[in-house]
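Asker: Mind looking over this structure? Questions follow.
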Amino acid sequence: MPIDDFGLDPGATLAHTGDPTPPPGGNQFWSAWTTRLESVTPSMVEPTPDEEAASGAPGVTHLIRSTGNIRVGARLTEPEGDPTGVVITLHGYHVDPQDELRIGRGWVERGMAVLDLRVRGYPGSMLDVGDRTVHDGGYITFGLGDPWDWTVQGATGDVLSAVRAVRHRFGSAIPVMLHGESFGG
């Protein structure tokens, strides 16, 4: 039977649970984080030409206000008529600044609205925080010393802010789905 890098066979890997004890202060942090997320009114607005240029990538059609009042860029593609649902697409770990935000991927033709989101610090969402992809330790380590500045918790807030903004724009009854690969998965 094959053994993986951690010395466990596949069955033992799936059966293994880590320590379920939350770290000290964890519950308080995530409660405060949730309050911070909910304190921002969901919004999705078209950028000014200067904001679009400063976003760092072509194709940004909307800005979403996220946690910490950070503006993140997105491209919204809508079908003709009322959408039957919304797909929020998320990107991988490496994004070329010259890559335009995607358009629809066939979902629009099937009646879905598509929001291609770029989380803070990536091309398309560099207005308020700059380029965090060039950090020495990589994007995921930016702000690691301060949980409020850690870019991953901010990116998580960006995704949830996008869901909230989509619900605000299209109504709470419409299905919202997330699609991502690699880092965006």
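Chain lettering (A, B, ...) mirrors the order of the structure tokens, residue numbering begins at 1 for each chain separately, and ligand numbering begins at 1 in order of display.
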With only C-alpha atoms as the counted atoms, please give the residues lying no more than 9 Å from Arg132 in chain A, apart from itself and same-chain residues fewer than 4 positions off, as a PyMOL selection string.
Answerer: chain A and resi 120-122+126+138-140+142+151
Asker: Could you list, as a ChimeraX atom specification, every residue within 12 Å of Gly25 in chain A, counting only C-alpha atoms and ignoring same-chain residues fewer than 6 positions away?
Answerer: /A:31-32,147
Asker: If you run DSSP over the backbone, which residues in range 38-138 of chain A end up helix (DSSP H, G or I)? Put them as a PyMOL selection string.
Answerer: chain A and resi 38+49-54+67-69+108-110
Asker: Provide the CA of Gly92 in chain A to CA of Val108 in chain A distance in Å, to one decimal place.
Answerer: 21.5 Å
Asker: Could you please write out, as a ChimeraX atom specification, every residue of chain A that DSSP assigns to strand (DSSP E)?
Answerer: /A:44-45,62-65,71-77,85-90,112-117,176-180
Asker: Which residues are near Trp107 in chain A? Cut-off 10 Å, only C-alpha atoms, ignore same chain within fewer than 3 positions. Put them as a PyMOL selection string.
Answerer: chain A and resi 77-79+85-87+103-104+110-114
Asker: Since we have the selection now, will you write its residues out, keeping C-alpha atoms, as a tab-separated table (two decimals), in the first residue's frame?
Answerer:
chain	number	residue	atom	x	y	z
A	77	THR	CA	-20.97	39.65	-17.53
A	78	GLU	CA	-24.75	39.39	-17.64
A	79	PRO	CA	-27.04	37.38	-19.90
A	85	GLY	CA	-28.11	32.33	-11.16
A	86	VAL	CA	-24.68	33.87	-10.62
A	87	VAL	CA	-21.29	32.19	-10.86
A	103	ILE	CA	-15.67	36.78	-19.90
A	104	GLY	CA	-18.48	34.36	-19.13
A	110	ARG	CA	-27.04	29.46	-20.44
A	111	GLY	CA	-28.64	32.38	-18.59
A	112	MET	CA	-26.13	32.85	-15.77
A	113	ALA	CA	-24.46	36.10	-14.74
A	114	VAL	CA	-20.72	35.67	-14.20
Asker: Counting only C-alpha atoms, what is within 9 Å of Pro123 in chain A, bar same-chain residues fewer than 5 positions away, as a PyMOL selection string?
Answerer: chain A and resi 55-58+73+95-99+118+130-131+133
Asker: Please write the residues from the selection above to a file, keeping C-alpha atoms, as a CSV table (one decimal), in the first residue's frame.
Answerer:
chain,number,residue,atom,x,y,z
A,55,SER,CA,-6.6,48.4,-10.7
A,56,GLY,CA,-3.7,46.8,-12.4
A,57,ALA,CA,-5.4,44.6,-15.0
A,58,PRO,CA,-7.6,45.2,-18.1
A,73,GLY,CA,-11.9,44.5,-9.0
A,95,VAL,CA,-2.0,35.9,-12.4
A,96,ASP,CA,-0.3,37.7,-15.3
A,97,PRO,CA,-1.0,41.4,-15.0
A,98,GLN,CA,-1.7,41.6,-18.7
A,99,ASP,CA,-4.4,38.9,-18.5
A,118,ARG,CA,-9.7,39.3,-8.4
A,130,GLY,CA,-0.8,47.7,-4.3
A,131,ASP,CA,0.7,44.5,-5.7
A,133,THR,CA,2.1,39.1,-5.5
Asker: Work out how far CA of Gly81 in chain A is from CA of Val40 in chain A, in Å to one decimal.
Answerer: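 Calculated distance between CA of Val40 in chain A and CA of Gly81 in chain A is 29.3 Å.
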Asker: One decimal, Å: what's the distance from CA of Pro42 in chain A over to CA of Val152 in chain A, could you say?
Answerer: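 Between these atoms lies a distance of 19.8 Å.
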Asker: Which residues, written as a ChimeraX atom specification, have at least one atom at most 9 Å from His91 in chain A, with only C-alpha atoms counted and residues fewer than 6 positions away on the same chain left out?
Answerer: /A:116-119,179-185
Asker: Determine the nearest neighbour of Asp50 in chain A from the options A:Leu115, A:Ala15, A:Met177, A:Leu127, counting only C-alpha atoms.
Answerer: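 The closest residue to Asp50 in chain A is A:Leu127.
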Asker: Extract, using only C-alpha atoms, all DNA, RNA and protein residues at most 6 Å from range 161-167 of chain A, discarding same-chain residues fewer than 2 positions from it, and format them as a VMD selection string.
Answerer: chain A and resid 42 to 44 66 157 to 159 169 to 172
